[in-house]
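Below is one structure; the comments refer to it alone.
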Amino acid sequence: EDQVTQSPEALRLQEGESSSLNCSYTVSGLRGLFWYRQDPGKGPEFLFTLYSAGEEKEKERLKATLTKKESFLHITAPKPEDSATYLCAVQASNTDKLIFGTGTRLQVFP
Amino acid sequence: NAGVMQNPRHLVRRRGQEARLRCSPMKGHSHVYWYRQLPEEGLKFMVYLQKENIIDESGMPKERFSAEFPKEGPSILRIQQVVRGDSAAYFCASSPRTGYEQYFGPGTRLTVT
C-alpha cells in the first residue's frame with residue numbers, strides 16, 4: 001500500500017535556527033514527490049516537485065531533496081513568516097491522485 | 001491569473017440536507033481533483049475528473065457522494081443526506097496535464113449540524 005509518513009509532527013524553532021523536515025514514503029513506482037505549505041484556514045500552496053533520487057530544488061530559505069525512500073525539506077535561517085504546516089505527497093506511476101502525509105506543523109519564534 | 005476558485009467558502013447544513021460544492025479550475029487546466037481534510041487528519045483523495053469524465057473515483061464513499069465536471073461550468077461535488085461525519089474541509093485542485101503538480105483552491109468548510 002502506498003504510504004507517506006512525516007516527522008516530526010510538530011517543530012518549534014528560534015528565528016535563524018536551521019532544521020530539516022522528513023518525509024518517508026513507500027510507493028509502487030514513484031511518479032513524483034510534492035511539497036506543499038498550508039496556512040491555517042487556507043488551501044495547500046505548492047512549493048516543489050521532485051521526480052528522481054538525487055534531485056534537489058531550492059526556493060528562498062527552503063531546499064527539498066529526494067532519495068529512493070525519503071525526502072527532506074531543509075529550512076535555512078527560518079523567519080516567523082515560515083510558520084505553517086508543511087505537507088508531503090507522493091504520486092504513484094499508475095495514478096494521478098496524491099497521497100499525503102499528515103504534515104509537520106512548524107512554528108518559528110522571533 | 002486567477003487561481004482555483006471554490007464556493008461557498010463556508011457551508012452549514014442540517015443532517016439530511018444536500019450539500020453542493022463548486023470548483024472552478026485555473027485557466028487552461030482541464031484536470032480537477034477533490035480532496036477531503038477531516039479535523040486532525042491529512043488530506044484524502046476523493047475523485048479525479050476531466051471534462052465530462054470521471055477518471056478515478058477510488059476515494060469516493062460508495063453512497064451519497066457524487067461529482068461531475070460538465071463541458072461548461074464548474075466542477076460540482078454533491079453530498080446527499082449529509083451526516084455529522086461529513087463535516088470537513090473539502091479542497092479542489094487543478095492541473096494542466098496528467099502527472100503535473102496540482103494547485104489547490106481555498107477550500108469549502110462544511111459543517112453539519
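As shown in the C-alpha cells, the chain order sets the letters A, B, ...; within each chain, residues go from 1, and ligands are also counted from 1 in the order they appear.
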
Within 12 Å of chain B, which residues of chain A show up? Give each one with its shortest atom-to-atom distance in Å (one decimal) and the two atoms involved, counting only C-alpha atoms, rows by chain then rising residue number, as CSV.
```
residue,atom,partner,partner_atom,distance
A:Gln3,CA,B:Lys44,CA,11.8
A:Val4,CA,B:Gly42,CA,10.4
A:Thr5,CA,B:Gly42,CA,10.7
A:Gln6,CA,B:Gly42,CA,10.8
A:Glu9,CA,B:Glu40,CA,11.4
A:Leu30,CA,B:Gly99,CA,10.8
A:Arg31,CA,B:Gly99,CA,7.2
A:Gly32,CA,B:Gly99,CA,7.6
A:Leu33,CA,B:Glu101,CA,9.3
A:Phe34,CA,B:Glu101,CA,7.4
A:Trp35,CA,B:Glu101,CA,9.7
A:Tyr36,CA,B:Tyr103,CA,9.7
A:Arg37,CA,B:Phe104,CA,10.9
A:Gln38,CA,B:Pro106,CA,10.2
A:Asp39,CA,B:Pro106,CA,10.3
A:Pro40,CA,B:Pro106,CA,10.6
A:Gly41,CA,B:Pro106,CA,7.9
A:Lys42,CA,B:Pro106,CA,5.1
A:Gly43,CA,B:Pro106,CA,4.4
A:Pro44,CA,B:Phe104,CA,5.9
A:Glu45,CA,B:Phe104,CA,6.8
A:Phe46,CA,B:Tyr103,CA,6.5
A:Leu47,CA,B:Glu101,CA,9.5
A:Phe48,CA,B:Glu101,CA,8.5
A:Thr49,CA,B:Glu101,CA,6.9
A:Leu50,CA,B:Glu101,CA,10.1
A:Tyr51,CA,B:Gly99,CA,10.3
A:Thr85,CA,B:Gly42,CA,11.0
A:Tyr86,CA,B:Gly42,CA,11.3
A:Leu87,CA,B:Gly42,CA,8.8
A:Cys88,CA,B:Gly42,CA,10.2
A:Ala89,CA,B:Leu43,CA,9.4
A:Val90,CA,B:Glu101,CA,10.6
A:Gln91,CA,B:Gly99,CA,7.9
A:Ala92,CA,B:Gly99,CA,9.3
A:Ser93,CA,B:Gly99,CA,8.5
A:Asn94,CA,B:Gly99,CA,9.7
A:Thr95,CA,B:Gly99,CA,8.2
A:Asp96,CA,B:Gly99,CA,6.1
A:Lys97,CA,B:Phe45,CA,6.4
A:Leu98,CA,B:Phe45,CA,6.7
A:Ile99,CA,B:Lys44,CA,7.0
A:Phe100,CA,B:Leu43,CA,6.0
A:Gly101,CA,B:Gly42,CA,6.2
A:Thr102,CA,B:Gly42,CA,4.4
A:Gly103,CA,B:Gly42,CA,7.3
A:Thr104,CA,B:Gly42,CA,10.8
A:Arg105,CA,B:Glu40,CA,11.6
```

Would you pick out the contacts of range 80-86 of chain B at 8 Å or less, using only C-alpha atoms, so that residues sharing its chain but fewer than 5 positions from it are not included, and give the list as a compact mmCIF listing (two decimals) with all heavy atoms, in the first residue's frame?
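Written file, selection-v1.txt:
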```
# COMPACT_ATOMS: atom_id res chain seq x y z
N ARG B 13 -25.07 22.89 6.90
CA ARG B 13 -26.24 22.10 6.53
C ARG B 13 -26.71 21.30 7.74
O ARG B 13 -25.91 20.88 8.58
CB ARG B 13 -25.89 21.12 5.39
CG ARG B 13 -25.76 21.78 4.03
CD ARG B 13 -27.11 22.18 3.49
NE ARG B 13 -27.04 22.86 2.21
CZ ARG B 13 -27.04 24.17 2.07
NH1 ARG B 13 -27.04 24.96 3.14
NH2 ARG B 13 -27.01 24.71 0.88
N ARG B 14 -28.02 21.06 7.77
CA ARG B 14 -28.58 20.19 8.81
C ARG B 14 -28.52 18.76 8.31
O ARG B 14 -28.52 18.51 7.09
CB ARG B 14 -30.01 20.59 9.12
CG ARG B 14 -30.12 21.92 9.81
CD ARG B 14 -31.55 22.23 10.18
NE ARG B 14 -31.63 23.50 10.87
CZ ARG B 14 -32.67 24.31 10.82
NH1 ARG B 14 -33.73 23.97 10.12
NH2 ARG B 14 -32.67 25.44 11.49
N ARG B 15 -28.47 17.85 9.24
CA ARG B 15 -28.47 16.43 8.87
C ARG B 15 -29.62 16.12 7.93
O ARG B 15 -30.75 16.53 8.16
CB ARG B 15 -28.59 15.56 10.12
CG ARG B 15 -27.28 15.36 10.86
CD ARG B 15 -27.48 14.50 12.10
NE ARG B 15 -28.35 15.18 13.05
CZ ARG B 15 -28.85 14.60 14.15
NH1 ARG B 15 -28.58 13.34 14.41
NH2 ARG B 15 -29.63 15.27 14.97
N GLY B 16 -29.31 15.38 6.87
CA GLY B 16 -30.34 15.01 5.91
C GLY B 16 -30.45 15.93 4.71
O GLY B 16 -31.06 15.57 3.71
N GLN B 17 -29.85 17.12 4.79
CA GLN B 17 -29.90 18.05 3.65
C GLN B 17 -28.82 17.70 2.62
O GLN B 17 -27.98 16.83 2.85
CB GLN B 17 -29.72 19.49 4.13
CG GLN B 17 -30.89 20.01 4.93
CD GLN B 17 -30.74 21.48 5.29
OE1 GLN B 17 -29.64 21.95 5.64
NE2 GLN B 17 -31.83 22.22 5.20
N GLU B 18 -28.86 18.41 1.51
CA GLU B 18 -27.87 18.20 0.45
C GLU B 18 -26.85 19.33 0.48
O GLU B 18 -27.19 20.48 0.78
CB GLU B 18 -28.56 18.17 -0.91
CG GLU B 18 -27.60 17.99 -2.08
CD GLU B 18 -28.33 17.94 -3.41
OE1 GLU B 18 -29.01 16.94 -3.67
OE2 GLU B 18 -28.20 18.93 -4.19
N ALA B 19 -25.61 18.99 0.17
CA ALA B 19 -24.56 20.00 0.06
C ALA B 19 -24.00 19.96 -1.36
O ALA B 19 -23.73 18.89 -1.90
CB ALA B 19 -23.45 19.72 1.07
N ARG B 64 -24.09 8.38 -1.34
CA ARG B 64 -24.42 9.78 -1.05
C ARG B 64 -23.49 10.79 -1.72
O ARG B 64 -23.85 11.95 -1.80
CB ARG B 64 -24.44 10.05 0.48
CG ARG B 64 -25.39 9.18 1.25
CD ARG B 64 -25.47 9.62 2.72
NE ARG B 64 -24.20 9.46 3.41
CZ ARG B 64 -23.42 10.47 3.78
NH1 ARG B 64 -23.76 11.72 3.52
NH2 ARG B 64 -22.29 10.23 4.41
N PHE B 65 -22.34 10.39 -2.18
CA PHE B 65 -21.38 11.32 -2.78
C PHE B 65 -21.34 11.14 -4.30
O PHE B 65 -21.32 10.02 -4.80
CB PHE B 65 -19.97 11.08 -2.24
CG PHE B 65 -19.74 11.58 -0.84
CD1 PHE B 65 -20.31 10.93 0.24
CD2 PHE B 65 -18.96 12.71 -0.60
CE1 PHE B 65 -20.11 11.38 1.54
CE2 PHE B 65 -18.75 13.17 0.69
CZ PHE B 65 -19.32 12.50 1.76
N LEU B 110 -17.39 22.56 5.36
CA LEU B 110 -18.76 22.09 5.55
C LEU B 110 -18.97 21.72 7.01
O LEU B 110 -18.19 20.95 7.59
CB LEU B 110 -19.02 20.86 4.67
CG LEU B 110 -20.36 20.14 4.88
CD1 LEU B 110 -21.53 21.04 4.50
CD2 LEU B 110 -20.39 18.83 4.10
N THR B 111 -20.01 22.28 7.58
CA THR B 111 -20.41 21.94 8.94
C THR B 111 -21.82 21.37 8.91
O THR B 111 -22.73 22.01 8.37
CB THR B 111 -20.39 23.17 9.86
OG1 THR B 111 -19.07 23.74 9.86
CG2 THR B 111 -20.76 22.80 11.28
N VAL B 112 -21.97 20.19 9.45
CA VAL B 112 -23.29 19.56 9.51
C VAL B 112 -23.79 19.60 10.96
O VAL B 112 -23.11 19.12 11.87
CB VAL B 112 -23.23 18.10 9.03
CG1 VAL B 112 -24.62 17.44 9.12
CG2 VAL B 112 -22.70 18.04 7.60
N THR B 113 -24.95 20.22 11.12
CA THR B 113 -25.48 20.38 12.49
C THR B 113 -26.61 19.39 12.75
O THR B 113 -27.15 18.78 11.82
CB THR B 113 -25.99 21.80 12.70
OG1 THR B 113 -27.05 22.06 11.76
CG2 THR B 113 -24.88 22.81 12.46
```

Members of chain B assigned strand (DSSP E or B) by DSSP, as a PyMOL selection string: chain B and resi 5-7+10-13+19-24+31-37+43-50+53-56+65-68+75-79+88-95+103-104+108-112

Resulting file, chosen residues, C-alpha atoms, as a PDB file, in the first residue's frame:
```pdb
ATOM      1  CA  MET B   5     -11.829  29.163  -7.026  1.00  0.00           C
ATOM      2  CA  GLN B   6     -14.187  27.384  -4.686  1.00  0.00           C
ATOM      3  CA  ASN B   7     -17.567  28.399  -3.365  1.00  0.00           C
ATOM      4  CA  HIS B  10     -18.319  28.031   4.374  1.00  0.00           C
ATOM      5  CA  LEU B  11     -21.454  25.904   4.229  1.00  0.00           C
ATOM      6  CA  VAL B  12     -23.731  24.865   7.082  1.00  0.00           C
ATOM      7  CA  ARG B  13     -26.235  22.095   6.528  1.00  0.00           C
ATOM      8  CA  ALA B  19     -24.560  19.996   0.063  1.00  0.00           C
ATOM      9  CA  ARG B  20     -23.244  21.273  -3.284  1.00  0.00           C
ATOM     10  CA  LEU B  21     -19.644  22.401  -3.505  1.00  0.00           C
ATOM     11  CA  ARG B  22     -18.343  24.198  -6.586  1.00  0.00           C
ATOM     12  CA  CYS B  23     -14.864  24.412  -8.052  1.00  0.00           C
ATOM     13  CA  SER B  24     -13.595  26.476 -10.988  1.00  0.00           C
ATOM     14  CA  HIS B  31      -7.894  18.182 -14.761  1.00  0.00           C
ATOM     15  CA  VAL B  32      -9.788  18.554 -11.472  1.00  0.00           C
ATOM     16  CA  TYR B  33      -9.272  16.699  -8.201  1.00  0.00           C
ATOM     17  CA  TRP B  34     -11.286  16.717  -4.974  1.00  0.00           C
ATOM     18  CA  TYR B  35      -9.753  16.032  -1.560  1.00  0.00           C
ATOM     19  CA  ARG B  36     -11.229  15.960   1.937  1.00  0.00           C
ATOM     20  CA  GLN B  37      -9.463  17.023   5.125  1.00  0.00           C
ATOM     21  CA  LEU B  43      -5.783  15.276   3.037  1.00  0.00           C
ATOM     22  CA  LYS B  44      -7.511  12.291   1.440  1.00  0.00           C
ATOM     23  CA  PHE B  45      -8.109  11.910  -2.279  1.00  0.00           C
ATOM     24  CA  MET B  46     -11.725  11.552  -3.336  1.00  0.00           C
ATOM     25  CA  VAL B  47     -12.101  11.832  -7.111  1.00  0.00           C
ATOM     26  CA  TYR B  48     -10.305  12.891 -10.299  1.00  0.00           C
ATOM     27  CA  LEU B  49     -12.231  14.300 -13.255  1.00  0.00           C
ATOM     28  CA  GLN B  50     -11.601  15.677 -16.696  1.00  0.00           C
ATOM     29  CA  ASN B  53     -15.448  12.242 -17.492  1.00  0.00           C
ATOM     30  CA  ILE B  54     -14.727  10.671 -14.123  1.00  0.00           C
ATOM     31  CA  ILE B  55     -11.216   9.230 -14.369  1.00  0.00           C
ATOM     32  CA  ASP B  56     -10.665   7.892 -10.848  1.00  0.00           C
ATOM     33  CA  PHE B  65     -21.378  11.317  -2.782  1.00  0.00           C
ATOM     34  CA  SER B  66     -21.150  12.211  -6.464  1.00  0.00           C
ATOM     35  CA  ALA B  67     -19.035  14.508  -8.628  1.00  0.00           C
ATOM     36  CA  GLU B  68     -19.239  15.976 -12.088  1.00  0.00           C
ATOM     37  CA  SER B  75     -16.963  21.033 -11.180  1.00  0.00           C
ATOM     38  CA  ILE B  76     -19.551  20.070  -8.567  1.00  0.00           C
ATOM     39  CA  LEU B  77     -19.132  17.787  -5.565  1.00  0.00           C
ATOM     40  CA  ARG B  78     -22.551  16.766  -4.297  1.00  0.00           C
ATOM     41  CA  ILE B  79     -23.266  15.189  -0.932  1.00  0.00           C
ATOM     42  CA  ALA B  88     -14.734  18.595   6.973  1.00  0.00           C
ATOM     43  CA  ALA B  89     -12.813  20.904   4.684  1.00  0.00           C
ATOM     44  CA  TYR B  90     -13.202  19.970   1.024  1.00  0.00           C
ATOM     45  CA  PHE B  91     -10.449  21.086  -1.316  1.00  0.00           C
ATOM     46  CA  CYS B  92     -10.419  21.193  -5.061  1.00  0.00           C
ATOM     47  CA  ALA B  93      -7.189  21.146  -7.069  1.00  0.00           C
ATOM     48  CA  SER B  94      -6.463  21.509 -10.765  1.00  0.00           C
ATOM     49  CA  SER B  95      -3.598  20.798 -13.107  1.00  0.00           C
ATOM     50  CA  TYR B 103      -2.828  23.693  -7.478  1.00  0.00           C
ATOM     51  CA  PHE B 104      -5.326  23.919  -4.670  1.00  0.00           C
ATOM     52  CA  THR B 108     -15.087  24.777   1.405  1.00  0.00           C
ATOM     53  CA  ARG B 109     -15.626  24.172   5.083  1.00  0.00           C
ATOM     54  CA  LEU B 110     -18.762  22.086   5.548  1.00  0.00           C
ATOM     55  CA  THR B 111     -20.407  21.943   8.942  1.00  0.00           C
ATOM     56  CA  VAL B 112     -23.290  19.556   9.514  1.00  0.00           C
TER      57      VAL B 112
END
```

Contact residues around Glu17 in chain A with only C-alpha atoms at 8 Å, ignoring same-chain residues under 5 positions, as a PDB file with N, CA, C and O atoms, in the first residue's frame:
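Okay, result17.pdb is ready:
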```pdb
ATOM      1  N   THR A  76      16.598  26.916   6.053  1.00  0.00           N
ATOM      2  CA  THR A  76      17.807  27.628   6.476  1.00  0.00           C
ATOM      3  C   THR A  76      17.432  29.002   7.029  1.00  0.00           C
ATOM      4  O   THR A  76      16.726  29.766   6.375  1.00  0.00           O
ATOM      5  N   ALA A  77      17.906  29.276   8.243  1.00  0.00           N
ATOM      6  CA  ALA A  77      17.666  30.571   8.893  1.00  0.00           C
ATOM      7  C   ALA A  77      16.209  30.986   8.796  1.00  0.00           C
ATOM      8  O   ALA A  77      15.871  32.015   8.184  1.00  0.00           O
ATOM      9  N   PRO A  78      15.301  30.183   9.341  1.00  0.00           N
ATOM     10  CA  PRO A  78      13.872  30.481   9.197  1.00  0.00           C
ATOM     11  C   PRO A  78      13.457  31.777   9.865  1.00  0.00           C
ATOM     12  O   PRO A  78      14.089  32.245  10.819  1.00  0.00           O
TER      13      PRO A  78
END
```

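Shortest atom-to-atom contact with Leu66 in chain A among A:Glu1, A:Gly29, A:Asn22, A:Leu11: A:Asn22, counting only C-alpha atoms.
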
Residue nearest Glu81 in chain A among A:Leu106, A:Thr26, A:Lys59, A:Thr67 (counting only C-alpha atoms):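 Under the stated criterion, the closest residue is A:Leu106.
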